[in-house]
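Chemist: See run25.cif below, with mmCIF, C-alpha atoms (C1' of nucleotides) and all ligand atoms.
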```cif
data_target
loop_
_atom_site.label_atom_id
_atom_site.label_comp_id
_atom_site.auth_asym_id
_atom_site.auth_seq_id
_atom_site.Cartn_x
_atom_site.Cartn_y
_atom_site.Cartn_z
CA MET A 1 -11.99 0.97 39.07
CA ARG A 2 -13.12 -2.27 40.71
CA ALA A 3 -10.53 -5.00 40.85
CA LYS A 4 -11.75 -8.45 39.83
CA LYS A 5 -10.47 -11.83 40.92
CA THR A 6 -8.25 -13.59 38.47
CA SER A 7 -10.13 -16.49 36.93
CA PRO A 8 -8.47 -19.74 35.83
CA ALA A 9 -9.04 -18.77 32.23
CA ASP A 10 -6.80 -15.77 32.69
CA LEU A 11 -3.89 -17.79 33.92
CA THR A 12 -2.26 -18.37 30.61
CA VAL A 13 -2.51 -14.72 29.70
CA LEU A 14 -1.25 -13.73 33.11
CA GLU A 15 1.79 -15.93 32.76
CA ARG A 16 2.38 -14.57 29.33
CA LEU A 17 2.60 -11.06 30.71
CA ARG A 18 4.78 -12.04 33.64
CA THR A 19 7.12 -13.98 31.40
CA ALA A 20 7.45 -10.92 29.21
CA GLY A 21 8.33 -8.86 32.26
CA LEU A 22 5.11 -6.88 32.24
CA ARG A 23 3.07 -6.34 35.38
CA PRO A 24 -0.25 -8.07 34.94
CA THR A 25 -2.50 -5.17 35.65
CA ARG A 26 -6.24 -5.40 35.26
CA GLN A 27 -6.07 -3.38 32.05
CA ARG A 28 -3.24 -5.34 30.46
CA LEU A 29 -4.88 -8.61 31.38
CA ALA A 30 -8.17 -7.60 29.84
CA LEU A 31 -6.54 -6.31 26.65
CA ALA A 32 -4.27 -9.33 26.38
CA LYS A 33 -7.26 -11.57 26.72
CA LEU A 34 -9.02 -9.78 23.88
CA LEU A 35 -5.89 -9.97 21.78
CA PHE A 36 -4.66 -13.46 22.46
CA ALA A 37 -7.70 -15.51 23.46
CA GLN A 38 -8.63 -16.32 19.88
CA GLY A 39 -6.46 -16.96 16.86
CA HIS A 40 -4.13 -14.41 15.34
CA ARG A 41 -5.48 -10.93 14.88
CA HIS A 42 -4.63 -7.60 13.27
CA VAL A 43 -5.96 -4.69 15.27
CA THR A 44 -5.76 -0.95 15.33
CA ALA A 45 -5.63 1.01 18.55
CA GLU A 46 -9.04 2.42 17.96
CA GLY A 47 -10.44 -0.98 17.07
CA LEU A 48 -9.13 -2.53 20.25
CA PHE A 49 -10.36 0.40 22.29
CA ASN A 50 -13.88 -0.03 20.93
CA GLU A 51 -13.74 -3.74 21.45
CA ALA A 52 -12.79 -3.13 25.05
CA LYS A 53 -15.74 -0.82 25.48
CA ASP A 54 -18.07 -3.39 23.94
CA ASN A 55 -16.82 -5.91 26.44
CA ARG A 56 -17.24 -3.52 29.35
CA VAL A 57 -13.50 -3.35 29.87
CA ASP A 58 -13.00 0.07 31.34
CA VAL A 59 -9.71 1.31 30.00
CA SER A 60 -8.51 4.62 28.62
CA LEU A 61 -7.33 5.17 25.08
CA ALA A 62 -3.90 6.15 26.38
CA THR A 63 -3.65 2.80 28.11
CA VAL A 64 -4.57 0.98 24.94
CA TYR A 65 -1.71 2.74 23.20
CA ASN A 66 0.61 2.10 26.11
CA ALA A 67 -0.29 -1.58 26.19
CA LEU A 68 0.07 -2.03 22.43
CA HIS A 69 3.50 -0.47 22.54
CA ASP A 70 4.58 -2.33 25.66
CA PHE A 71 3.43 -5.61 24.13
CA THR A 72 5.24 -4.79 20.91
CA GLU A 73 8.42 -3.99 22.80
CA LYS A 74 8.25 -7.36 24.48
CA SER A 75 7.55 -9.10 21.18
CA LEU A 76 4.04 -10.13 22.11
CA LEU A 77 2.89 -8.08 19.14
CA ARG A 78 4.39 -6.64 16.04
CA GLU A 79 3.54 -3.28 14.54
CA ILE A 80 2.72 -2.98 10.85
CA SER A 81 2.74 0.18 8.73
CA ILE A 82 0.45 -0.27 5.80
CA ASP A 83 -1.34 2.91 5.48
CA SER A 84 0.22 6.12 6.56
CA SER A 85 -2.89 7.05 8.47
CA ARG A 86 -2.81 4.40 11.19
CA SER A 87 -0.80 1.57 12.69
CA TYR A 88 -1.85 -2.06 12.84
CA PHE A 89 -0.74 -4.47 15.52
CA ASP A 90 -0.37 -8.14 14.73
CA THR A 91 -0.63 -10.92 17.28
CA ASN A 92 1.29 -13.15 14.89
CA VAL A 93 4.91 -12.33 15.61
CA GLY A 94 6.31 -15.17 13.53
CA ASP A 95 7.74 -14.80 10.06
CA HIS A 96 4.92 -14.12 7.64
CA TYR A 97 3.55 -11.67 5.08
CA HIS A 98 0.28 -9.94 4.34
CA PHE A 99 -2.53 -9.35 1.99
CA TYR A 100 -4.01 -5.91 2.48
CA PHE A 101 -7.54 -5.28 1.26
CA GLU A 102 -7.57 -1.65 0.34
CA GLN A 103 -11.33 -1.22 0.48
CA THR A 104 -11.92 -2.70 3.89
CA GLY A 105 -8.58 -2.02 5.53
CA LYS A 106 -8.33 -5.68 6.58
CA LEU A 107 -5.13 -7.70 6.73
CA GLN A 108 -4.73 -11.41 6.05
CA ASP A 109 -1.68 -13.48 6.85
CA ILE A 110 0.41 -15.22 4.23
CA PRO A 111 2.61 -17.92 5.77
CA ALA A 112 6.30 -17.36 5.12
CA GLU A 113 6.53 -20.64 3.20
CA ARG A 114 4.04 -19.42 0.66
CA ILE A 115 6.47 -16.88 -0.75
CA ALA A 116 9.95 -17.64 -1.91
CA LEU A 117 12.03 -14.58 -1.22
CA ALA A 118 15.30 -15.47 -2.84
CA ASN A 119 18.46 -13.49 -3.54
CA LEU A 120 17.71 -10.97 -0.85
CA PRO A 121 20.35 -8.32 -1.37
CA GLU A 122 22.80 -7.56 1.38
CA ALA A 123 21.97 -4.63 3.55
CA PRO A 124 24.18 -1.81 2.28
CA GLY A 125 27.03 -0.38 4.30
CA GLY A 126 27.20 -3.00 7.00
CA ALA A 127 23.64 -2.40 8.10
CA THR A 128 21.58 -5.16 9.68
CA VAL A 129 18.26 -6.35 8.35
CA ALA A 130 15.70 -5.73 11.03
CA ARG A 131 12.74 -7.12 9.17
CA VAL A 132 11.42 -7.84 5.70
CA ASP A 133 7.87 -6.76 5.06
CA VAL A 134 5.91 -8.02 2.10
CA ILE A 135 2.51 -6.52 1.54
CA ILE A 136 0.31 -7.59 -1.33
CA ARG A 137 -2.25 -4.87 -1.84
CA VAL A 138 -5.45 -6.16 -3.35
CA ARG A 139 -8.64 -4.62 -4.60
CA ASP A 140 -11.84 -6.31 -5.64
CA MET B 141 3.30 35.79 -7.94
CA ARG B 142 5.34 36.75 -11.01
CA ALA B 143 4.94 34.48 -13.96
CA LYS B 144 8.15 33.39 -15.65
CA LYS B 145 8.78 32.47 -19.26
CA THR B 146 8.98 28.79 -19.95
CA SER B 147 12.58 27.89 -20.70
CA PRO B 148 13.63 25.13 -23.12
CA ALA B 149 14.76 23.07 -20.16
CA ASP B 150 11.21 23.00 -18.87
CA LEU B 151 9.80 21.62 -22.08
CA THR B 152 10.16 18.00 -21.23
CA VAL B 153 8.55 18.50 -17.85
CA LEU B 154 5.81 20.54 -19.43
CA GLU B 155 5.02 17.83 -21.91
CA ARG B 156 5.06 15.30 -19.16
CA LEU B 157 2.34 17.18 -17.35
CA ARG B 158 0.27 17.73 -20.44
CA THR B 159 0.53 14.11 -21.44
CA ALA B 160 -0.68 13.15 -18.00
CA GLY B 161 -3.63 15.46 -18.42
CA LEU B 162 -2.48 17.96 -15.83
CA ARG B 163 -2.46 21.67 -16.49
CA PRO B 164 1.10 22.88 -16.47
CA THR B 165 0.74 25.59 -13.90
CA ARG B 166 3.73 27.51 -12.62
CA GLN B 167 3.61 25.56 -9.35
CA ARG B 168 3.31 22.13 -10.91
CA LEU B 169 6.06 22.89 -13.36
CA ALA B 170 8.41 24.02 -10.65
CA LEU B 171 7.67 21.03 -8.45
CA ALA B 172 7.89 18.59 -11.34
CA LYS B 173 11.25 20.04 -12.24
CA LEU B 174 12.51 19.50 -8.72
CA LEU B 175 11.15 15.99 -8.71
CA PHE B 176 12.06 14.75 -12.16
CA ALA B 177 15.09 16.76 -13.26
CA GLN B 178 17.56 14.48 -11.55
CA GLY B 179 17.48 10.71 -11.10
CA HIS B 180 14.87 8.90 -9.07
CA ARG B 181 13.96 10.32 -5.73
CA HIS B 182 12.00 9.54 -2.59
CA VAL B 183 10.52 12.65 -1.03
CA THR B 184 8.15 13.62 1.71
CA ALA B 185 5.72 16.50 1.35
CA GLU B 186 7.58 18.52 3.90
CA GLY B 187 10.92 17.76 2.26
CA LEU B 188 9.70 18.89 -1.13
CA PHE B 189 8.12 21.97 0.37
CA ASN B 190 11.41 22.96 1.97
CA GLU B 191 13.31 22.22 -1.20
CA ALA B 192 10.93 24.50 -3.05
CA LYS B 193 11.57 27.27 -0.55
CA ASP B 194 15.33 26.81 -0.89
CA ASN B 195 14.96 27.21 -4.63
CA ARG B 196 12.80 30.29 -4.29
CA VAL B 197 9.80 28.47 -5.66
CA ASP B 198 6.90 30.21 -4.03
CA VAL B 199 4.29 27.57 -3.41
CA SER B 200 2.01 26.73 -0.54
CA LEU B 201 2.14 23.55 1.46
CA ALA B 202 -1.40 22.70 0.37
CA THR B 203 -0.29 22.90 -3.23
CA VAL B 204 2.63 20.59 -2.56
CA TYR B 205 0.17 18.05 -1.19
CA ASN B 206 -2.20 18.63 -4.09
CA ALA B 207 0.57 18.21 -6.64
CA LEU B 208 1.96 15.07 -5.01
CA HIS B 209 -1.47 13.51 -5.01
CA ASP B 210 -2.32 14.65 -8.53
CA PHE B 211 0.99 13.30 -9.81
CA THR B 212 0.39 10.03 -8.00
CA GLU B 213 -3.07 9.73 -9.49
CA LYS B 214 -1.58 10.15 -12.94
CA SER B 215 1.16 7.61 -12.20
CA LEU B 216 3.95 10.16 -12.35
CA LEU B 217 4.67 9.23 -8.73
CA ARG B 218 3.90 6.40 -6.42
CA GLU B 219 3.10 6.75 -2.75
CA ILE B 220 4.85 4.57 -0.20
CA SER B 221 3.74 3.88 3.37
CA ILE B 222 6.68 2.95 5.47
CA ASP B 223 6.19 4.68 8.68
CA SER B 224 2.78 5.51 9.97
CA SER B 225 3.83 9.06 10.66
CA ARG B 226 4.40 10.26 7.10
CA SER B 227 4.09 9.35 3.44
CA TYR B 228 6.89 9.09 0.93
CA PHE B 229 6.52 9.73 -2.77
CA ASP B 230 8.69 7.90 -5.23
CA THR B 231 9.59 9.18 -8.69
CA ASN B 232 10.39 5.63 -9.69
CA VAL B 233 7.04 4.19 -10.69
CA GLY B 234 8.50 1.03 -12.19
CA ASP B 235 8.53 -2.33 -10.47
CA HIS B 236 11.03 -2.25 -7.62
CA TYR B 237 11.48 -2.67 -3.89
CA HIS B 238 13.07 -0.76 -1.03
CA PHE B 239 15.59 -0.66 1.71
CA TYR B 240 14.42 1.54 4.53
CA PHE B 241 17.03 2.94 6.90
CA GLU B 242 15.23 3.28 10.18
CA GLN B 243 17.65 5.76 11.72
CA THR B 244 17.73 8.25 8.90
CA GLY B 245 14.32 7.66 7.34
CA LYS B 246 15.93 7.27 3.91
CA LEU B 247 14.76 4.90 1.20
CA GLN B 248 16.92 3.13 -1.35
CA ASP B 249 15.69 1.32 -4.42
CA ILE B 250 16.16 -2.37 -4.99
CA PRO B 251 15.65 -3.29 -8.65
CA ALA B 252 12.91 -5.87 -9.14
CA GLU B 253 15.40 -8.33 -10.62
CA ARG B 254 17.38 -8.38 -7.42
CA ILE B 255 14.64 -10.21 -5.55
CA ALA B 256 13.03 -13.42 -6.66
CA LEU B 257 9.46 -13.30 -5.48
CA ALA B 258 8.22 -16.74 -6.40
CA ASN B 259 5.01 -18.59 -5.65
CA LEU B 260 3.09 -15.42 -5.06
CA PRO B 261 -0.24 -16.65 -3.74
CA GLU B 262 -3.42 -15.83 -5.59
CA ALA B 263 -5.35 -12.89 -4.31
CA PRO B 264 -8.17 -14.39 -2.28
CA GLY B 265 -11.79 -14.21 -3.35
CA GLY B 266 -11.31 -12.97 -6.86
CA ALA B 267 -9.50 -9.86 -5.75
CA THR B 268 -6.91 -8.20 -7.96
CA VAL B 269 -3.34 -7.54 -6.94
CA ALA B 270 -2.83 -3.81 -7.07
CA ARG B 271 0.80 -3.84 -5.99
CA VAL B 272 3.38 -5.85 -4.13
CA ASP B 273 5.49 -3.91 -1.69
CA VAL B 274 8.70 -5.29 -0.30
CA ILE B 275 10.43 -3.24 2.35
CA ILE B 276 13.66 -4.37 3.90
CA ARG B 277 14.08 -2.45 7.13
CA VAL B 278 17.69 -2.01 8.10
CA ARG B 279 19.52 -0.60 11.07
CA ASP B 280 23.21 0.07 11.49
"C1'" DC C 281 -7.99 39.64 -27.54
"C1'" DA C 282 -12.08 39.84 -24.23
"C1'" DA C 283 -15.17 37.01 -21.75
"C1'" DG C 284 -16.27 33.09 -19.24
"C1'" DC C 285 -15.62 28.99 -16.89
"C1'" DA C 286 -13.42 25.12 -15.06
"C1'" DG C 287 -9.43 24.04 -12.81
"C1'" DT C 288 -5.88 25.56 -9.47
"C1'" DT C 289 -3.84 27.87 -5.66
"C1'" DT C 290 -3.88 29.56 -1.12
"C1'" DA C 291 -4.09 30.83 4.01
"C1'" DG C 292 -5.74 29.32 7.65
"C1'" DA C 293 -8.92 26.41 10.11
"C1'" DA C 294 -10.00 21.82 11.08
"C1'" DT C 295 -9.18 16.89 11.64
"C1'" DC C 296 -7.24 12.86 13.35
"C1'" DG C 297 -4.15 9.47 15.06
"C1'" DC C 298 -1.14 9.51 18.46
"C1'" DT C 299 1.87 11.24 22.39
"C1'" DC C 300 2.74 13.80 26.47
"C1'" DT C 301 1.90 15.69 31.16
"C1'" DA C 302 1.13 15.57 35.73
"C1'" DA C 303 -1.81 13.89 39.07
"C1'" DT C 304 -3.79 9.65 40.93
"C1'" DT C 305 -3.93 4.79 41.65
"C1'" DT C 306 -2.05 0.24 41.72
"C1'" DT C 307 1.46 -3.22 42.21
"C1'" DA C 308 5.15 -5.38 44.29
"C1'" DT C 309 8.40 -5.33 48.05
"C1'" DT C 310 9.64 -4.86 52.76
"C1'" DA D 311 0.91 -1.41 56.82
"C1'" DA D 312 4.51 1.51 54.74
"C1'" DT D 313 7.17 2.50 50.71
"C1'" DA D 314 8.84 3.01 46.20
"C1'" DA D 315 8.32 2.03 41.49
"C1'" DA D 316 5.28 1.32 37.76
"C1'" DA D 317 0.92 1.97 35.51
"C1'" DT D 318 -3.32 4.46 34.48
"C1'" DT D 319 -5.85 8.42 33.21
"C1'" DA D 320 -8.10 12.82 31.45
"C1'" DG D 321 -7.13 16.06 28.91
"C1'" DA D 322 -3.87 19.06 26.62
"C1'" DG D 323 -0.72 19.10 22.88
"C1'" DC D 324 1.42 17.77 18.52
"C1'" DG D 325 2.29 17.00 13.68
"C1'" DA D 326 1.00 15.39 9.30
"C1'" DT D 327 -2.53 15.91 6.35
"C1'" DT D 328 -7.03 17.55 4.58
"C1'" DC D 329 -10.60 20.85 4.08
"C1'" DT D 330 -12.82 25.36 3.08
"C1'" DA D 331 -14.04 28.96 0.51
"C1'" DA D 332 -12.22 32.90 -1.64
"C1'" DA D 333 -8.95 34.64 -5.16
"C1'" DC D 334 -6.51 33.56 -9.32
"C1'" DT D 335 -5.11 31.42 -13.80
"C1'" DG D 336 -5.10 28.55 -17.97
"C1'" DC D 337 -7.59 27.46 -21.75
"C1'" DT D 338 -11.46 27.73 -24.98
"C1'" DT D 339 -14.60 30.38 -27.61
"C1'" DG D 340 -16.55 34.27 -30.13
MN MN E 1 4.20 3.14 17.46
MN MN E 2 -2.27 10.36 0.22
ZN ZN E 3 -0.12 -10.94 10.34
ZN ZN E 4 11.79 3.70 -5.01
#
```
Once more with this new file: its structure as structure tokens, please.
Ligand SMILES: [Mn+2]
Ligand SMILES: [Mn+2]
Ligand SMILES: [Zn+2]
Ligand SMILES: [Zn+2]

Modeler:
Amino acid sequence: MRAKKTSPADLTVLERLRTAGLRPTRQRLALAKLLFAQGHRHVTAEGLFNEAKDNRVDVSLATVYNALHDFTEKSLLREISIDSSRSYFDTNVGDHYHFYFEQTGKLQDIPAERIALANLPEAPGGATVARVDVIIRVRD
Amino acid sequence: MRAKKTSPADLTVLERLRTAGLRPTRQRLALAKLLFAQGHRHVTAEGLFNEAKDNRVDVSLATVYNALHDFTEKSLLREISIDSSRSYFDTNVGDHYHFYFEQTGKLQDIPAERIALANLPEAPGGATVARVDVIIRVRD
DNA sequence: CAAGCAGTTTAGAATCGCTCTAATTTTATT
DNA sequence: AATAAAATTAGAGCGATTCTAAACTGCTTG
């Protein structure tokens, strides 16, 4: 694989990886750019893999999975289980919820302030709440 | 496979199937009995399949999947996606939410009244809300 | 109750998202 | 440049689920 000079536009993404403690390899940089260059996104591994291909980013499927998981581990992404058949990865790691369009498989953010989640019960038996997921499944 | 007389205890389950418009076959009756005889349950296909084996219910894995899906279609069960690696089926089809214990993979019901879900945003673009899932993921 | 048919079950193959393996390549450090 | 650690990769492997197509069963009808 040909290495390519780092352009100024990559700098922010590069720093983001370094800050997270991830080596800024060509593959991670390219994927991070696809993921983070625009606004928040919800991607599947396959979707990102195809997008990489479309953008002539030469990267293996295994690396896409590795990167998605590495990014998730470092809180650059968050993984969402909506449909038991595939995982989604969300570039919005802040507190928020989702609409899920069953026909298209698309996700749409709902800001945390838009839902009042009151009286959340205590986690039983001294357990710790890791996350609260709210998914509003919609159909046309 | 030997057929077995329908016992009085099966009657309620039998009616339940008939009412749902499902033929009360030996396999469906046996599985429905496992599912609905006790209180509410959260099962996986594999779990139910093993439970059937333990109870000397001779049924194939494909039939377990068929029954779970048929029951879900008729609203005798509801399917829950928690973990992208497997589906759970819930005998509680009423409005309620869940604790999910990440270590053990167990689910625990949270009655709808225990969570105040206010200000639910409208479904965008004239879509209809099919369901609202709330999953509180907990760790010890 | 026999026949007939739609609905159901089944074993095993197939599928599919994802993970693993082990060899190669790259990165970061000296 | 040499080295060690980390990352990438092709392809095999895995596990949950679905599919196929043949055998069986429940229900209706005569
Ligand atoms: Mn994962
Ligand atoms: Mn399903
Ligand atoms: Zn999101
Ligand atoms: Zn439940």

Chemist: Write out, as JSON lines, each residue of chain B that has an atom at most 10 Å from ligand MN 1 (chain E), together with the closest pair of atoms and their distance in Å to one decimal, counting all atoms listed in the file, rows going by chain and rising number.

Modeler:
```
{"residue": "B:Asp223", "atom": "CA", "partner": "E:MN1", "partner_atom": "MN", "distance": 9.1}
{"residue": "B:Ser224", "atom": "CA", "partner": "E:MN1", "partner_atom": "MN", "distance": 8.0}
{"residue": "B:Ser225", "atom": "CA", "partner": "E:MN1", "partner_atom": "MN", "distance": 9.0}
```

Chemist: Could the residues in this selection be written to a file with C-alpha atoms, as a PDB file, in the coordinates of the input?

Modeler:
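See out-v4.pdb below for the written result:
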```
ATOM      1  CA  ASP B 223       6.190   4.680   8.680  1.00  0.00           C
ATOM      2  CA  SER B 224       2.780   5.510   9.970  1.00  0.00           C
ATOM      3  CA  SER B 225       3.830   9.060  10.660  1.00  0.00           C
TER       4      SER B 225
END
```

Chemist: Any chance you could lay chain A over chain B, fitting all C-alpha atoms in order by least squares, and write the moved chain as a tab-separated table (two decimals) with C-alpha atoms, in the frame of the given file?

Modeler:
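Heads up, here's the output in result.tsv:
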```
chain	number	residue	atom	x	y	z
A	1	MET	CA	2.83	35.62	-7.95
A	2	ARG	CA	4.96	36.63	-10.93
A	3	ALA	CA	4.66	34.42	-13.96
A	4	LYS	CA	7.95	33.44	-15.59
A	5	LYS	CA	8.63	32.55	-19.19
A	6	THR	CA	8.96	28.89	-19.92
A	7	SER	CA	12.59	28.07	-20.62
A	8	PRO	CA	13.72	25.35	-23.03
A	9	ALA	CA	14.86	23.27	-20.10
A	10	ASP	CA	11.31	23.09	-18.85
A	11	LEU	CA	9.96	21.69	-22.06
A	12	THR	CA	10.34	18.07	-21.21
A	13	VAL	CA	8.69	18.55	-17.86
A	14	LEU	CA	5.96	20.61	-19.43
A	15	GLU	CA	5.20	17.91	-21.94
A	16	ARG	CA	5.21	15.36	-19.21
A	17	LEU	CA	2.48	17.23	-17.39
A	18	ARG	CA	0.42	17.83	-20.51
A	19	THR	CA	0.70	14.21	-21.53
A	20	ALA	CA	-0.55	13.22	-18.11
A	21	GLY	CA	-3.51	15.53	-18.54
A	22	LEU	CA	-2.36	18.01	-15.93
A	23	ARG	CA	-2.35	21.74	-16.58
A	24	PRO	CA	1.22	22.94	-16.51
A	25	THR	CA	0.87	25.63	-13.94
A	26	ARG	CA	3.84	27.54	-12.62
A	27	GLN	CA	3.69	25.60	-9.36
A	28	ARG	CA	3.39	22.16	-10.93
A	29	LEU	CA	6.17	22.93	-13.35
A	30	ALA	CA	8.50	24.05	-10.61
A	31	LEU	CA	7.72	21.03	-8.41
A	32	ALA	CA	7.97	18.63	-11.33
A	33	LYS	CA	11.33	20.07	-12.19
A	34	LEU	CA	12.57	19.50	-8.65
A	35	LEU	CA	11.19	15.99	-8.70
A	36	PHE	CA	12.12	14.79	-12.14
A	37	ALA	CA	15.16	16.81	-13.21
A	38	GLN	CA	17.61	14.47	-11.51
A	39	GLY	CA	17.52	10.73	-11.06
A	40	HIS	CA	14.89	8.89	-9.08
A	41	ARG	CA	13.97	10.32	-5.72
A	42	HIS	CA	11.97	9.53	-2.60
A	43	VAL	CA	10.48	12.63	-1.05
A	44	THR	CA	8.10	13.59	1.68
A	45	ALA	CA	5.68	16.46	1.33
A	46	GLU	CA	7.51	18.47	3.89
A	47	GLY	CA	10.86	17.71	2.29
A	48	LEU	CA	9.68	18.86	-1.10
A	49	PHE	CA	8.09	21.94	0.40
A	50	ASN	CA	11.37	22.93	2.03
A	51	GLU	CA	13.27	22.21	-1.11
A	52	ALA	CA	10.92	24.50	-2.98
A	53	LYS	CA	11.52	27.24	-0.46
A	54	ASP	CA	15.28	26.79	-0.76
A	55	ASN	CA	14.96	27.20	-4.48
A	56	ARG	CA	12.79	30.29	-4.15
A	57	VAL	CA	9.81	28.47	-5.59
A	58	ASP	CA	6.89	30.21	-3.98
A	59	VAL	CA	4.28	27.56	-3.42
A	60	SER	CA	1.96	26.72	-0.56
A	61	LEU	CA	2.07	23.51	1.43
A	62	ALA	CA	-1.45	22.68	0.27
A	63	THR	CA	-0.28	22.90	-3.31
A	64	VAL	CA	2.61	20.58	-2.61
A	65	TYR	CA	0.15	18.04	-1.29
A	66	ASN	CA	-2.20	18.64	-4.18
A	67	ALA	CA	0.59	18.22	-6.71
A	68	LEU	CA	1.97	15.07	-5.08
A	69	HIS	CA	-1.47	13.51	-5.13
A	70	ASP	CA	-2.28	14.67	-8.65
A	71	PHE	CA	1.05	13.32	-9.89
A	72	THR	CA	0.43	10.05	-8.09
A	73	GLU	CA	-3.02	9.76	-9.62
A	74	LYS	CA	-1.51	10.18	-13.05
A	75	SER	CA	1.22	7.66	-12.29
A	76	LEU	CA	4.02	10.19	-12.39
A	77	LEU	CA	4.71	9.23	-8.79
A	78	ARG	CA	3.90	6.41	-6.49
A	79	GLU	CA	3.07	6.73	-2.82
A	80	ILE	CA	4.83	4.55	-0.26
A	81	SER	CA	3.71	3.83	3.31
A	82	ILE	CA	6.69	2.90	5.38
A	83	ASP	CA	6.22	4.62	8.58
A	84	SER	CA	2.80	5.38	9.87
A	85	SER	CA	3.80	8.94	10.58
A	86	ARG	CA	4.32	10.19	7.03
A	87	SER	CA	4.00	9.31	3.36
A	88	TYR	CA	6.85	9.06	0.89
A	89	PHE	CA	6.50	9.72	-2.81
A	90	ASP	CA	8.69	7.89	-5.27
A	91	THR	CA	9.60	9.19	-8.71
A	92	ASN	CA	10.40	5.62	-9.72
A	93	VAL	CA	7.05	4.20	-10.74
A	94	GLY	CA	8.48	1.02	-12.21
A	95	ASP	CA	8.49	-2.34	-10.49
A	96	HIS	CA	11.00	-2.25	-7.66
A	97	TYR	CA	11.47	-2.66	-3.91
A	98	HIS	CA	13.07	-0.76	-1.07
A	99	PHE	CA	15.59	-0.65	1.64
A	100	TYR	CA	14.45	1.56	4.48
A	101	PHE	CA	17.06	2.95	6.84
A	102	GLU	CA	15.27	3.29	10.11
A	103	GLN	CA	17.67	5.78	11.64
A	104	THR	CA	17.73	8.28	8.83
A	105	GLY	CA	14.33	7.67	7.29
A	106	LYS	CA	15.93	7.30	3.85
A	107	LEU	CA	14.77	4.92	1.14
A	108	GLN	CA	16.92	3.14	-1.43
A	109	ASP	CA	15.66	1.32	-4.48
A	110	ILE	CA	16.14	-2.38	-5.06
A	111	PRO	CA	15.59	-3.31	-8.71
A	112	ALA	CA	12.84	-5.87	-9.18
A	113	GLU	CA	15.31	-8.35	-10.68
A	114	ARG	CA	17.30	-8.40	-7.49
A	115	ILE	CA	14.57	-10.22	-5.61
A	116	ALA	CA	12.93	-13.40	-6.73
A	117	LEU	CA	9.37	-13.30	-5.51
A	118	ALA	CA	8.14	-16.73	-6.40
A	119	ASN	CA	4.94	-18.62	-5.59
A	120	LEU	CA	3.02	-15.46	-4.92
A	121	PRO	CA	-0.26	-16.71	-3.52
A	122	GLU	CA	-3.48	-15.92	-5.32
A	123	ALA	CA	-5.40	-12.99	-4.02
A	124	PRO	CA	-8.20	-14.50	-1.93
A	125	GLY	CA	-11.83	-14.31	-2.95
A	126	GLY	CA	-11.38	-13.12	-6.49
A	127	ALA	CA	-9.57	-9.98	-5.43
A	128	THR	CA	-7.03	-8.32	-7.70
A	129	VAL	CA	-3.46	-7.64	-6.73
A	130	ALA	CA	-2.95	-3.92	-6.88
A	131	ARG	CA	0.67	-3.90	-5.88
A	132	VAL	CA	3.31	-5.90	-4.05
A	133	ASP	CA	5.46	-3.93	-1.66
A	134	VAL	CA	8.69	-5.31	-0.30
A	135	ILE	CA	10.46	-3.25	2.31
A	136	ILE	CA	13.71	-4.36	3.85
A	137	ARG	CA	14.13	-2.45	7.07
A	138	VAL	CA	17.75	-2.00	8.03
A	139	ARG	CA	19.59	-0.58	10.98
A	140	ASP	CA	23.27	0.11	11.37
```

Chemist: Can you pull out every residue with an atom within 10 Å of ligand ZN 4 (chain E)? Use only C-alpha atoms (C1' of nucleotides) and all ligand atoms and format it as a list in words.

Modeler: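 Counting only what the definition allows, namely only C-alpha atoms (C1' of nucleotides) and all ligand atoms, the set is His180, Arg181, His182, Val183, Leu217, Arg218, Glu219, Ile220, Tyr228, Phe229, Asp230, Thr231, Asn232, Val233, Gly234, Asp235, His236, Tyr237, His238, Phe239, Leu247, Gln248, Asp249, Ile250 and Pro251 of chain B.
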
Chemist: Kindly give the distance, in Å, that separates atom CA of Phe49 of chain A and atom CA of Val64 of chain A, rounded to a single decimal.

Modeler: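 Atom-to-atom, atom CA of Phe49 of chain A and atom CA of Val64 of chain A are spaced 6.4 Å apart.
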
Chemist: Restricting the calculation to only C-alpha atoms (C1' of nucleotides), which member of B:Arg156, B:Phe176, B:Ser200, B:Glu186 is positioned closest to chain C?

Modeler: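 Going through B:Arg156, B:Phe176, B:Ser200, B:Glu186 one by one, the smallest distance to chain C is for B:Ser200.
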
Chemist: Counting all atoms listed in the file, which residues sit no farther than 10 Å from the position (-8.7, 19.8, 1.8) in the file's frame? I'd like them as a PDB file with C-alpha atoms (C1' of nucleotides), keeping the file's coordinate frame.

Modeler:
```pdb
ATOM      1  CA  ALA B 202      -1.400  22.700   0.370  1.00  0.00           C
ATOM      2  CA  TYR B 205       0.170  18.050  -1.190  1.00  0.00           C
ATOM      3  CA  ASN B 206      -2.200  18.630  -4.090  1.00  0.00           C
TER       4      ASN B 206
ATOM      5  C1'  DA C 294     -10.000  21.820  11.080  1.00  0.00           C
TER       6       DA C 294
ATOM      7  C1'  DT D 327      -2.530  15.910   6.350  1.00  0.00           C
ATOM      8  C1'  DT D 328      -7.030  17.550   4.580  1.00  0.00           C
ATOM      9  C1'  DC D 329     -10.600  20.850   4.080  1.00  0.00           C
ATOM     10  C1'  DT D 330     -12.820  25.360   3.080  1.00  0.00           C
TER      11       DT D 330
END
```

Chemist: Give the residues of chain A that lie within 12 Å of chain B; count all atoms listed in the file, and format the answer as a PyMOL selection string.

Modeler: chain A and resi 44+79-89+97-103+107-140

Chemist: Could you list, as a list of chain:residue names, every residue of chain A that has an atom within 9 Å of an atom of chain D, counting all atoms listed in the file?

Modeler: A:Arg23, A:Thr25, A:Gln27, A:Val59, A:Ser60, A:Leu61, A:Ala62, A:Thr63
